[in-house]
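The block underneath contains the structure these notes are about, expressed in structure tokens.
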2 protein chains.
Amino acid sequence: MVQATALPRNESGIEAAIGILKQRFGDRLQTGAAIREQHGHTTTWITNQSPDAVVFPHTTQEVAEIVKTCATHKVPVIPYGTGTSLEGHVNAPAGGVSVDLTQMNRVLAVHAEDLDCVVQPGVTREDLNTHLRDQGLFFPIDPGANASLGGMAATRASGTNAVRYGTMKDNVLSLEAVMPDGQIIRTGQRARKSSAGYDLARLLIGAEGTLGVITELTLRLQGIPEAISSARCSFPTVDHACQAVMMTIQYGIPVARIELLDEMSVRAANAYSGLSLPETPLLLLEFHGSETGATEQADTFGQIAEEFGGTDFAATSSTEERNKLWQARHDMYWACLQLRPGAQGISTDVCVPISRLAEAVVAAQDKATELGLIAPIVGHVGDGNFHTLPLIDMENAEEIAKADEFVSWLNDLAISMEGTCTGEHGIGQGKRPYLIKELGAATQYMAAIKAALDPHNIMNPGKILTG
Amino acid sequence: MVQATALPRNESGIEAAIGILKQRFGDRLQTGAAIREQHGHTTTWITNQSPDAVVFPHTTQEVAEIVKTCATHKVPVIPYGTGTSLEGHVNAPAGGVSVDLTQMNRVLAVHAEDLDCVVQPGVTREDLNTHLRDQGLFFPIDPGANASLGGMAATRASGTNAVRYGTMKDNVLSLEAVMPDGQIIRTGQRARKSSAGYDLARLLIGAEGTLGVITELTLRLQGIPEAISSARCSFPTVDHACQAVMMTIQYGIPVARIELLDEMSVRAANAYSGLSLPETPLLLLEFHGSETGATEQADTFGQIAEEFGGTDFAATSSTEERNKLWQARHDMYWACLQLRPGAQGISTDVCVPISRLAEAVVAAQDKATELGLIAPIVGHVGDGNFHTLPLIDMENAEEIAKADEFVSWLNDLAISMEGTCTGEHGIGQGKRPYLIKELGAATQYMAAIKAALDPHNIMNPGKILTG
């Protein structure tokens, strides 16, 4: 495992705050080792840093009470959704109280006529979509994991649909949050656009819980399209596939999803999901629209694909076939792990301008080969975002060092290509050095904002910013 | 005119800073009364508060020098684009230096394959679109005025295309800015999405120059659609028109524009633009897509419109007819002024959830009638945003008082309907009391951010925040 630096602990404060909170929350505050460890656990290779207690609030007011108590005693507060973040976001390097929001899981309102809804932060994206289905609505952001909407906002998550529907930053109308001093704010109301003052919603989205706890979200919804069709197409090389992606986007086809699997990923999907795809780079697409529109989009893509050497093009509007393909895409993490049973997958998350994508993917493949790493690649290529998943034997220090070298090299490569070290996973503990490489002086102003809003650094300390 | 409060002036600092800047910039620093007054002038009913000097930088480095000099002497810096803002944004209530960015008007790069471009802040939206046309690209944000892109970002502008393409917040990939201490930062690179740290781009967008001077913008572009068609349809009442809008949006028709003109606005358009539209509420639409797609969208809308009592539906893909209609829409401000020659138009800018739109528009019409005001209404109704334009005799104090009552009443109404006092114009000087009504405690954190980044309050003081 990669060691995360521990920060100084305020032992007396922690003891005092937990005492008060225990009295207030009874069994809804837990201090057992297993639950604490579970709340420090993240799907990452960073070591577990458990909080001292986990508390399960039911209301915004209760979150405010918790934060106020922790503020009084200068004790860290770590918001927790489903624990599916990837960069050590829920670790507690200075100890403190994990605020588990899973019991704040009510859909408070659906305004179908306004295409918006109001939810508590613990509602997961799958729960929300189940809730919405009867009304012909859906929430498009799909990060793969069945994450909580609060967590998705906190990490500025996106996923396969972002090429058409944007990321969390584009799909939140407003937030309610408990600020580091315990005060409750609302960043806006339900207007679909506003020029009223600083965009505090966008500031909290992606702040990873370091500026406050998100306690309610007003989300934009979409009507379920009349028709959904999907397509797949194989390409001789990653470069051919990426050229086809670029042309598709430039041509203005409003693809809902356009995903790349490299050779190794296709091999993994075939084995894990019982498919028999040609084991060359693959694009997997989805089209939303009217019956005519979705078909036309698929046809146009088919023509573009052919120009770039695409073969085995297959489009379908059958729900069953579509679900099978997309299930395979969503199972890629597990499929890839089967390429090397027992190994841990370390996900990277770079995003580059699409014109540099082929070059970046090929360079990543070559670098992994050079280092002797097994590292399948999948990508949200319409956005230029791709994930490599080096499969690492975590008992082997030399291999870990190589993985570390790979991750570091890849982040630097993306930054050198005018891209970012993180398209959708966030900075957390793991990527803090790269944030500085990427944004330089801008990070000083992030630190100034953090210091102004959270002068005692109690909100999720040790994340995003160093020091 | 409405008086804007003057703020204390730092006379000695102003004198010192202007002396230094004069020496550095020579004729590019101007102190003549006419030019100073022109730079305090805004299309608003707020009194002119001229800066003490106007300086015309050519580079980001020069902007940084100006800001550093002003920071050293604690002198206000007021960024200036085209002066088309509507809420006193470029006034200088404490004097200081207006930084006119119109000579920073170069398109620095167009990356057609990435659908982005890099521009200086003084490039206007029309200039950019002229520059892009040959490459089959366009920038969709259209606030009516031929504003500068820096100014549009600063006020979080939008306009007729926002229902499909979003606002400035959705179409800026990253910004370069000179911060209040004179340091130059970049908020991101060219990746289409990023989860790297606090979203400083979104913080600067809509900050109205109070947190820094935007010196470069990396913008998302769109491919010019294969087909553009437009349609118009008349309705018996505003309510019928709004019901049709709601259904159109819910149905998922990706309208590019959907604009409402009330009876009085249609009358004004007929007279000014030589049209002969039925003088009842009108929807004006534009559809972007493939040939088939654009036609299908128009047809589907036609069916929806009929359900809601629409008459005189006319769709066209003729460029000439389309341009005539949209020219009439863009000329609405001038057309409305002709309803009462000599009067000044005072634009409101509320935005409400679309389910409340009909109620809000009708209430605004009734209230204007009750107060004896002539107040035509046009609206970006796909977003729930509409503008009333009370036509006021600025020599008549009683009328001004009534206009003031009307504006205040309307802002309060929108806020009570879970909407906002400003959909796209911003807060400036004029709407500061409504920002507090709308967002309450959240404004304290805006003030904390402002104080942290600009401790001496030199960046466009007296805007957005009170005190």
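By convention in this document, the chains of the structure tokens carry letters A, B, ... by their order, each chain's residues are numbered from 1, and ligands are numbered from 1 in the order they are shown.
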Could you please select, counting only C-alpha atoms, the residues of chain A within 6 Å of chain B and state them as a PDB file with all heavy atoms, in the first residue's frame?
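Written out: selection21.pdb:
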ATOM      1  N   GLU A 113     -42.718  18.806 -14.210  1.00  0.00           N
ATOM      2  CA  GLU A 113     -42.942  19.877 -15.188  1.00  0.00           C
ATOM      3  C   GLU A 113     -41.722  20.800 -15.309  1.00  0.00           C
ATOM      4  O   GLU A 113     -41.534  21.466 -16.321  1.00  0.00           O
ATOM      5  CB  GLU A 113     -44.211  20.666 -14.832  1.00  0.00           C
ATOM      6  CG  GLU A 113     -44.168  21.437 -13.541  1.00  0.00           C
ATOM      7  CD  GLU A 113     -44.385  20.587 -12.270  1.00  0.00           C
ATOM      8  OE1 GLU A 113     -44.160  19.357 -12.234  1.00  0.00           O
ATOM      9  OE2 GLU A 113     -44.776  21.183 -11.262  1.00  0.00           O
ATOM     10  N   ASP A 114     -40.889  20.818 -14.264  1.00  0.00           N
ATOM     11  CA  ASP A 114     -39.679  21.647 -14.310  1.00  0.00           C
ATOM     12  C   ASP A 114     -38.432  20.837 -14.626  1.00  0.00           C
ATOM     13  O   ASP A 114     -37.329  21.378 -14.655  1.00  0.00           O
ATOM     14  CB  ASP A 114     -39.485  22.361 -12.966  1.00  0.00           C
ATOM     15  CG  ASP A 114     -40.585  23.367 -12.691  1.00  0.00           C
ATOM     16  OD1 ASP A 114     -40.947  24.088 -13.628  1.00  0.00           O
ATOM     17  OD2 ASP A 114     -41.081  23.412 -11.545  1.00  0.00           O
ATOM     18  N   ARG A 156     -17.230  15.953  -8.207  1.00  0.00           N
ATOM     19  CA  ARG A 156     -17.484  16.422  -9.580  1.00  0.00           C
ATOM     20  C   ARG A 156     -17.443  15.230 -10.546  1.00  0.00           C
ATOM     21  O   ARG A 156     -16.749  15.240 -11.556  1.00  0.00           O
ATOM     22  CB  ARG A 156     -16.485  17.511  -9.984  1.00  0.00           C
ATOM     23  CG  ARG A 156     -17.002  18.468 -11.053  1.00  0.00           C
ATOM     24  CD  ARG A 156     -15.965  19.501 -11.470  1.00  0.00           C
ATOM     25  NE  ARG A 156     -15.652  20.414 -10.394  1.00  0.00           N
ATOM     26  CZ  ARG A 156     -14.427  20.770 -10.037  1.00  0.00           C
ATOM     27  NH1 ARG A 156     -13.398  20.332 -10.694  1.00  0.00           N
ATOM     28  NH2 ARG A 156     -14.244  21.581  -9.037  1.00  0.00           N
ATOM     29  N   ILE A 185     -26.561  26.773   4.527  1.00  0.00           N
ATOM     30  CA  ILE A 185     -26.814  27.711   3.421  1.00  0.00           C
ATOM     31  C   ILE A 185     -27.472  26.985   2.256  1.00  0.00           C
ATOM     32  O   ILE A 185     -27.457  25.763   2.165  1.00  0.00           O
ATOM     33  CB  ILE A 185     -25.532  28.402   2.895  1.00  0.00           C
ATOM     34  CG1 ILE A 185     -24.600  27.378   2.211  1.00  0.00           C
ATOM     35  CG2 ILE A 185     -24.833  29.169   3.990  1.00  0.00           C
ATOM     36  CD1 ILE A 185     -23.577  28.009   1.288  1.00  0.00           C
ATOM     37  N   GLN A 189     -31.969  28.796  -5.798  1.00  0.00           N
ATOM     38  CA  GLN A 189     -33.287  28.194  -5.723  1.00  0.00           C
ATOM     39  C   GLN A 189     -33.466  27.238  -6.909  1.00  0.00           C
ATOM     40  O   GLN A 189     -32.533  26.490  -7.235  1.00  0.00           O
ATOM     41  CB  GLN A 189     -34.347  29.284  -5.635  1.00  0.00           C
ATOM     42  CG  GLN A 189     -34.137  30.198  -4.419  1.00  0.00           C
ATOM     43  CD  GLN A 189     -35.424  30.844  -3.958  1.00  0.00           C
ATOM     44  OE1 GLN A 189     -36.183  30.249  -3.224  1.00  0.00           O
ATOM     45  NE2 GLN A 189     -35.675  32.056  -4.414  1.00  0.00           N
ATOM     46  N   ARG A 190     -34.612  27.259  -7.564  1.00  0.00           N
ATOM     47  CA  ARG A 190     -34.833  26.263  -8.607  1.00  0.00           C
ATOM     48  C   ARG A 190     -34.833  26.818 -10.029  1.00  0.00           C
ATOM     49  O   ARG A 190     -35.198  26.114 -10.957  1.00  0.00           O
ATOM     50  CB  ARG A 190     -36.136  25.495  -8.336  1.00  0.00           C
ATOM     51  CG  ARG A 190     -36.059  24.542  -7.152  1.00  0.00           C
ATOM     52  CD  ARG A 190     -37.101  23.433  -7.244  1.00  0.00           C
ATOM     53  NE  ARG A 190     -38.459  23.945  -7.280  1.00  0.00           N
ATOM     54  CZ  ARG A 190     -39.305  23.812  -8.297  1.00  0.00           C
ATOM     55  NH1 ARG A 190     -38.940  23.154  -9.390  1.00  0.00           N
ATOM     56  NH2 ARG A 190     -40.523  24.320  -8.244  1.00  0.00           N
ATOM     57  N   ALA A 191     -34.433  28.079 -10.201  1.00  0.00           N
ATOM     58  CA  ALA A 191     -34.349  28.610 -11.564  1.00  0.00           C
ATOM     59  C   ALA A 191     -33.310  27.806 -12.344  1.00  0.00           C
ATOM     60  O   ALA A 191     -32.314  27.360 -11.784  1.00  0.00           O
ATOM     61  CB  ALA A 191     -33.955  30.078 -11.529  1.00  0.00           C
ATOM     62  N   ARG A 192     -33.550  27.632 -13.633  1.00  0.00           N
ATOM     63  CA  ARG A 192     -32.629  26.821 -14.432  1.00  0.00           C
ATOM     64  C   ARG A 192     -31.325  27.529 -14.729  1.00  0.00           C
ATOM     65  O   ARG A 192     -30.353  26.917 -15.144  1.00  0.00           O
ATOM     66  CB  ARG A 192     -33.300  26.382 -15.729  1.00  0.00           C
ATOM     67  CG  ARG A 192     -34.360  25.330 -15.468  1.00  0.00           C
ATOM     68  CD  ARG A 192     -34.919  24.727 -16.711  1.00  0.00           C
ATOM     69  NE  ARG A 192     -34.217  23.553 -17.160  1.00  0.00           N
ATOM     70  CZ  ARG A 192     -34.169  22.389 -16.506  1.00  0.00           C
ATOM     71  NH1 ARG A 192     -34.730  22.244 -15.339  1.00  0.00           N
ATOM     72  NH2 ARG A 192     -33.535  21.353 -17.019  1.00  0.00           N
ATOM     73  N   LYS A 193     -31.308  28.837 -14.556  1.00  0.00           N
ATOM     74  CA  LYS A 193     -30.055  29.571 -14.682  1.00  0.00           C
ATOM     75  C   LYS A 193     -30.149  30.788 -13.778  1.00  0.00           C
ATOM     76  O   LYS A 193     -31.252  31.224 -13.437  1.00  0.00           O
ATOM     77  CB  LYS A 193     -29.784  29.960 -16.134  1.00  0.00           C
ATOM     78  CG  LYS A 193     -30.796  30.919 -16.715  1.00  0.00           C
ATOM     79  CD  LYS A 193     -30.490  31.262 -18.162  1.00  0.00           C
ATOM     80  CE  LYS A 193     -31.352  32.442 -18.596  1.00  0.00           C
ATOM     81  NZ  LYS A 193     -31.161  32.816 -19.997  1.00  0.00           N
ATOM     82  N   SER A 194     -29.019  31.320 -13.404  1.00  0.00           N
ATOM     83  CA  SER A 194     -29.007  32.469 -12.511  1.00  0.00           C
ATOM     84  C   SER A 194     -27.666  33.168 -12.622  1.00  0.00           C
ATOM     85  O   SER A 194     -26.634  32.534 -12.825  1.00  0.00           O
ATOM     86  CB  SER A 194     -29.246  32.019 -11.064  1.00  0.00           C
ATOM     87  OG  SER A 194     -29.031  33.105 -10.186  1.00  0.00           O
ATOM     88  N   SER A 195     -27.697  34.503 -12.505  1.00  0.00           N
ATOM     89  CA  SER A 195     -26.449  35.264 -12.438  1.00  0.00           C
ATOM     90  C   SER A 195     -26.335  35.950 -11.082  1.00  0.00           C
ATOM     91  O   SER A 195     -25.739  37.013 -10.974  1.00  0.00           O
ATOM     92  CB  SER A 195     -26.412  36.315 -13.558  1.00  0.00           C
ATOM     93  OG  SER A 195     -26.178  35.720 -14.800  1.00  0.00           O
ATOM     94  N   ALA A 196     -26.920  35.319 -10.072  1.00  0.00           N
ATOM     95  CA  ALA A 196     -26.988  35.952  -8.756  1.00  0.00           C
ATOM     96  C   ALA A 196     -25.765  35.618  -7.901  1.00  0.00           C
ATOM     97  O   ALA A 196     -25.755  34.643  -7.154  1.00  0.00           O
ATOM     98  CB  ALA A 196     -28.275  35.539  -8.042  1.00  0.00           C
ATOM     99  N   TYR A 198     -21.697  34.964  -6.552  1.00  0.00           N
ATOM    100  CA  TYR A 198     -20.677  33.931  -6.771  1.00  0.00           C
ATOM    101  C   TYR A 198     -21.342  32.563  -6.817  1.00  0.00           C
ATOM    102  O   TYR A 198     -22.274  32.276  -6.066  1.00  0.00           O
ATOM    103  CB  TYR A 198     -19.630  33.953  -5.648  1.00  0.00           C
ATOM    104  CG  TYR A 198     -18.904  35.261  -5.474  1.00  0.00           C
ATOM    105  CD1 TYR A 198     -18.183  35.515  -4.311  1.00  0.00           C
ATOM    106  CD2 TYR A 198     -18.916  36.248  -6.456  1.00  0.00           C
ATOM    107  CE1 TYR A 198     -17.496  36.714  -4.123  1.00  0.00           C
ATOM    108  CE2 TYR A 198     -18.235  37.451  -6.277  1.00  0.00           C
ATOM    109  CZ  TYR A 198     -17.537  37.673  -5.108  1.00  0.00           C
ATOM    110  OH  TYR A 198     -16.869  38.861  -4.920  1.00  0.00           O
ATOM    111  N   ASP A 199     -20.810  31.714  -7.655  1.00  0.00           N
ATOM    112  CA  ASP A 199     -21.395  30.404  -7.910  1.00  0.00           C
ATOM    113  C   ASP A 199     -20.946  29.411  -6.830  1.00  0.00           C
ATOM    114  O   ASP A 199     -20.084  28.555  -7.060  1.00  0.00           O
ATOM    115  CB  ASP A 199     -20.968  29.947  -9.305  1.00  0.00           C
ATOM    116  CG  ASP A 199     -21.775  28.757  -9.791  1.00  0.00           C
ATOM    117  OD1 ASP A 199     -22.469  28.130  -8.961  1.00  0.00           O
ATOM    118  OD2 ASP A 199     -21.706  28.455 -11.002  1.00  0.00           O
ATOM    119  N   LEU A 203     -18.616  25.909  -6.523  1.00  0.00           N
ATOM    120  CA  LEU A 203     -17.449  25.859  -5.634  1.00  0.00           C
ATOM    121  C   LEU A 203     -17.508  24.609  -4.752  1.00  0.00           C
ATOM    122  O   LEU A 203     -16.490  23.947  -4.514  1.00  0.00           O
ATOM    123  CB  LEU A 203     -17.394  27.120  -4.764  1.00  0.00           C
ATOM    124  CG  LEU A 203     -16.160  27.259  -3.891  1.00  0.00           C
ATOM    125  CD1 LEU A 203     -14.892  27.388  -4.736  1.00  0.00           C
ATOM    126  CD2 LEU A 203     -16.272  28.472  -2.960  1.00  0.00           C
ATOM    127  N   ALA A 207     -15.313  20.107  -4.385  1.00  0.00           N
ATOM    128  CA  ALA A 207     -14.502  20.510  -3.232  1.00  0.00           C
ATOM    129  C   ALA A 207     -14.249  19.328  -2.298  1.00  0.00           C
ATOM    130  O   ALA A 207     -13.538  19.449  -1.306  1.00  0.00           O
ATOM    131  CB  ALA A 207     -15.157  21.656  -2.482  1.00  0.00           C
ATOM    132  N   GLY A 223     -35.848  13.961 -19.764  1.00  0.00           N
ATOM    133  CA  GLY A 223     -36.886  13.019 -20.163  1.00  0.00           C
ATOM    134  C   GLY A 223     -36.238  11.770 -20.745  1.00  0.00           C
ATOM    135  O   GLY A 223     -35.237  11.864 -21.458  1.00  0.00           O
ATOM    136  N   GLY A 252     -21.045  16.637 -35.055  1.00  0.00           N
ATOM    137  CA  GLY A 252     -22.206  17.092 -34.285  1.00  0.00           C
ATOM    138  C   GLY A 252     -23.204  15.988 -33.976  1.00  0.00           C
ATOM    139  O   GLY A 252     -24.343  16.286 -33.587  1.00  0.00           O
ATOM    140  N   CYS A 351      -7.316  13.068 -18.456  1.00  0.00           N
ATOM    141  CA  CYS A 351      -8.223  13.570 -19.491  1.00  0.00           C
ATOM    142  C   CYS A 351      -7.431  14.570 -20.318  1.00  0.00           C
ATOM    143  O   CYS A 351      -6.803  15.478 -19.759  1.00  0.00           O
ATOM    144  CB  CYS A 351      -9.425  14.229 -18.818  1.00  0.00           C
ATOM    145  SG  CYS A 351     -10.723  14.763 -19.951  1.00  0.00           S
ATOM    146  N   VAL A 352      -7.423  14.370 -21.622  1.00  0.00           N
ATOM    147  CA  VAL A 352      -6.620  15.238 -22.504  1.00  0.00           C
ATOM    148  C   VAL A 352      -7.504  15.786 -23.620  1.00  0.00           C
ATOM    149  O   VAL A 352      -8.577  15.242 -23.890  1.00  0.00           O
ATOM    150  CB  VAL A 352      -5.427  14.460 -23.113  1.00  0.00           C
ATOM    151  CG1 VAL A 352      -4.460  14.003 -22.034  1.00  0.00           C
ATOM    152  CG2 VAL A 352      -5.908  13.280 -23.960  1.00  0.00           C
ATOM    153  N   PRO A 353      -7.071  16.873 -24.276  1.00  0.00           N
ATOM    154  CA  PRO A 353      -7.825  17.316 -25.454  1.00  0.00           C
ATOM    155  C   PRO A 353      -7.929  16.144 -26.422  1.00  0.00           C
ATOM    156  O   PRO A 353      -6.966  15.379 -26.586  1.00  0.00           O
ATOM    157  CB  PRO A 353      -6.952  18.445 -26.021  1.00  0.00           C
ATOM    158  CG  PRO A 353      -6.166  18.943 -24.856  1.00  0.00           C
ATOM    159  CD  PRO A 353      -5.900  17.736 -24.011  1.00  0.00           C
ATOM    160  N   ILE A 354      -9.059  16.006 -27.030  1.00  0.00           N
ATOM    161  CA  ILE A 354      -9.357  14.812 -27.812  1.00  0.00           C
ATOM    162  C   ILE A 354      -8.360  14.616 -28.962  1.00  0.00           C
ATOM    163  O   ILE A 354      -8.067  13.474 -29.352  1.00  0.00           O
ATOM    164  CB  ILE A 354     -10.836  14.870 -28.265  1.00  0.00           C
ATOM    165  CG1 ILE A 354     -11.333  13.505 -28.710  1.00  0.00           C
ATOM    166  CG2 ILE A 354     -11.078  15.924 -29.269  1.00  0.00           C
ATOM    167  CD1 ILE A 354     -12.849  13.483 -28.864  1.00  0.00           C
ATOM    168  N   SER A 355      -7.774  15.708 -29.439  1.00  0.00           N
ATOM    169  CA  SER A 355      -6.785  15.597 -30.516  1.00  0.00           C
ATOM    170  C   SER A 355      -5.511  14.898 -30.045  1.00  0.00           C
ATOM    171  O   SER A 355      -4.716  14.436 -30.856  1.00  0.00           O
ATOM    172  CB  SER A 355      -6.432  16.986 -31.062  1.00  0.00           C
ATOM    173  OG  SER A 355      -5.889  17.785 -30.023  1.00  0.00           O
ATOM    174  N   ASP A 383     -14.947  12.665 -24.279  1.00  0.00           N
ATOM    175  CA  ASP A 383     -14.410  13.753 -23.457  1.00  0.00           C
ATOM    176  C   ASP A 383     -12.886  13.749 -23.405  1.00  0.00           C
ATOM    177  O   ASP A 383     -12.290  14.597 -22.746  1.00  0.00           O
ATOM    178  CB  ASP A 383     -14.909  13.622 -22.016  1.00  0.00           C
ATOM    179  CG  ASP A 383     -16.415  13.667 -21.919  1.00  0.00           C
ATOM    180  OD1 ASP A 383     -17.016  14.569 -22.530  1.00  0.00           O
ATOM    181  OD2 ASP A 383     -16.996  12.794 -21.244  1.00  0.00           O
ATOM    182  N   GLU A 418      -1.739  19.590 -22.166  1.00  0.00           N
ATOM    183  CA  GLU A 418      -2.823  20.528 -21.847  1.00  0.00           C
ATOM    184  C   GLU A 418      -4.049  19.818 -21.290  1.00  0.00           C
ATOM    185  O   GLU A 418      -5.172  20.283 -21.465  1.00  0.00           O
ATOM    186  CB  GLU A 418      -3.226  21.365 -23.079  1.00  0.00           C
ATOM    187  CG  GLU A 418      -2.118  22.240 -23.613  1.00  0.00           C
ATOM    188  CD  GLU A 418      -2.645  23.167 -24.708  1.00  0.00           C
ATOM    189  OE1 GLU A 418      -3.242  24.197 -24.378  1.00  0.00           O
ATOM    190  OE2 GLU A 418      -2.462  22.831 -25.908  1.00  0.00           O
ATOM    191  N   GLY A 419      -3.815  18.686 -20.651  1.00  0.00           N
ATOM    192  CA  GLY A 419      -4.925  17.947 -20.049  1.00  0.00           C
ATOM    193  C   GLY A 419      -4.881  18.046 -18.541  1.00  0.00           C
ATOM    194  O   GLY A 419      -4.268  18.955 -17.973  1.00  0.00           O
ATOM    195  N   THR A 422      -6.910  14.463 -13.517  1.00  0.00           N
ATOM    196  CA  THR A 422      -8.166  13.831 -13.093  1.00  0.00           C
ATOM    197  C   THR A 422      -9.367  14.385 -13.845  1.00  0.00           C
ATOM    198  O   THR A 422      -9.707  15.558 -13.713  1.00  0.00           O
ATOM    199  CB  THR A 422      -8.382  13.929 -11.566  1.00  0.00           C
ATOM    200  OG1 THR A 422      -9.672  13.378 -11.269  1.00  0.00           O
ATOM    201  CG2 THR A 422      -8.304  15.345 -11.031  1.00  0.00           C
ATOM    202  N   GLY A 423      -9.977  13.530 -14.622  1.00  0.00           N
ATOM    203  CA  GLY A 423     -11.170  13.919 -15.360  1.00  0.00           C
ATOM    204  C   GLY A 423     -12.422  13.841 -14.530  1.00  0.00           C
ATOM    205  O   GLY A 423     -13.370  14.604 -14.719  1.00  0.00           O
ATOM    206  N   GLU A 424     -12.433  12.889 -13.549  1.00  0.00           N
ATOM    207  CA  GLU A 424     -13.681  12.679 -12.812  1.00  0.00           C
ATOM    208  C   GLU A 424     -13.520  12.055 -11.425  1.00  0.00           C
ATOM    209  O   GLU A 424     -14.496  11.965 -10.701  1.00  0.00           O
ATOM    210  CB  GLU A 424     -14.636  11.808 -13.641  1.00  0.00           C
ATOM    211  CG  GLU A 424     -14.024  10.470 -14.089  1.00  0.00           C
ATOM    212  CD  GLU A 424     -14.961   9.678 -15.017  1.00  0.00           C
ATOM    213  OE1 GLU A 424     -15.878  10.275 -15.588  1.00  0.00           O
ATOM    214  OE2 GLU A 424     -14.756   8.457 -15.145  1.00  0.00           O
ATOM    215  N   GLY A 426     -11.230  13.061  -8.984  1.00  0.00           N
ATOM    216  CA  GLY A 426     -10.867  14.048  -7.965  1.00  0.00           C
ATOM    217  C   GLY A 426      -9.422  13.908  -7.515  1.00  0.00           C
ATOM    218  O   GLY A 426      -8.688  13.008  -7.949  1.00  0.00           O
ATOM    219  N   ILE A 427      -9.023  14.807  -6.621  1.00  0.00           N
ATOM    220  CA  ILE A 427      -7.639  14.899  -6.150  1.00  0.00           C
ATOM    221  C   ILE A 427      -7.425  14.047  -4.905  1.00  0.00           C
ATOM    222  O   ILE A 427      -6.482  13.282  -4.823  1.00  0.00           O
ATOM    223  CB  ILE A 427      -7.283  16.378  -5.840  1.00  0.00           C
ATOM    224  CG1 ILE A 427      -7.357  17.233  -7.129  1.00  0.00           C
ATOM    225  CG2 ILE A 427      -5.916  16.482  -5.192  1.00  0.00           C
ATOM    226  CD1 ILE A 427      -6.358  16.875  -8.204  1.00  0.00           C
ATOM    227  N   ALA A 441       0.074  28.463  -9.563  1.00  0.00           N
ATOM    228  CA  ALA A 441      -0.319  29.554  -8.661  1.00  0.00           C
ATOM    229  C   ALA A 441      -1.802  29.527  -8.311  1.00  0.00           C
ATOM    230  O   ALA A 441      -2.203  30.007  -7.243  1.00  0.00           O
ATOM    231  CB  ALA A 441       0.039  30.901  -9.281  1.00  0.00           C
ATOM    232  N   ALA A 442      -2.629  28.961  -9.181  1.00  0.00           N
ATOM    233  CA  ALA A 442      -4.070  28.934  -8.886  1.00  0.00           C
ATOM    234  C   ALA A 442      -4.360  28.220  -7.563  1.00  0.00           C
ATOM    235  O   ALA A 442      -5.315  28.564  -6.860  1.00  0.00           O
ATOM    236  CB  ALA A 442      -4.833  28.257 -10.024  1.00  0.00           C
ATOM    237  N   ILE A 449      -9.155  30.414  -0.178  1.00  0.00           N
ATOM    238  CA  ILE A 449     -10.601  30.205   0.000  1.00  0.00           C
ATOM    239  C   ILE A 449     -10.839  29.220   1.132  1.00  0.00           C
ATOM    240  O   ILE A 449     -11.690  29.428   2.003  1.00  0.00           O
ATOM    241  CB  ILE A 449     -11.227  29.701  -1.320  1.00  0.00           C
ATOM    242  CG1 ILE A 449     -11.199  30.817  -2.369  1.00  0.00           C
ATOM    243  CG2 ILE A 449     -12.655  29.199  -1.099  1.00  0.00           C
ATOM    244  CD1 ILE A 449     -11.500  30.346  -3.783  1.00  0.00           C
ATOM    245  N   ALA A 452     -10.265  30.855   4.407  1.00  0.00           N
ATOM    246  CA  ALA A 452     -11.301  31.832   4.748  1.00  0.00           C
ATOM    247  C   ALA A 452     -12.568  31.138   5.234  1.00  0.00           C
ATOM    248  O   ALA A 452     -13.200  31.594   6.189  1.00  0.00           O
ATOM    249  CB  ALA A 452     -11.623  32.709   3.532  1.00  0.00           C
TER     250      ALA A 452
END
query: Hey, what's within 9 Å of Ala4 in chain B if we count only C-alpha atoms and toss same-chain stuff fewer than 6 positions away? As a list in words, please?
result: Ile46, Thr47, Asn48, Gln49, Gly88, Asn91, Pro93, Gln429 and Gly430 of chain B
task: Run DSSP on the backbone of this structure and report the residues of range 32-126 of chain A it assigns to strand (DSSP E), as a ChimeraX atom specification.
output: /A:53-55,77-80,97-100,107-111,116-119
- request: For Val381 in chain A, work out the shell of residues within 8 Å, counting only C-alpha atoms and skipping chain neighbours fewer than 6 positions away, then give it as a list in words.
  value: Cys242, Val245, Ile258, Glu259, Leu260, Ile354 and Leu357 of chain A
Phe287 in chain B environment, 8 Å, only C-alpha atoms, sequence neighbours closer than 4 positions dropped, as a ChimeraX atom specification: /B:228-230,254-257,294,297-298
query: Near Thr316 in chain A, within 10 Å and counting only C-alpha atoms, which residues show up once chain neighbours fewer than 2 positions away are dropped, as JSON, numbers by chain?
result: {"A": [228, 229, 230, 231, 232, 286, 295, 298, 314, 318, 319, 320, 321, 322]}
query: With distances taken over only C-alpha atoms, which of B:Pro455, B:His387, B:Ala368, B:Arg340 is nearest to Gly159 in chain B?
result: B:His387
Nearest candidate to Asn460 in chain B (options B:Gly182, B:Gly212, B:Pro121, B:Gly83; using only C-alpha atoms): B:Gly212
- request: Would you mind listing what lies within 7 Å of Ile346 in chain B as a count of residues only, with only C-alpha atoms counted and same-chain residues fewer than 4 positions away left out?
  value: 5
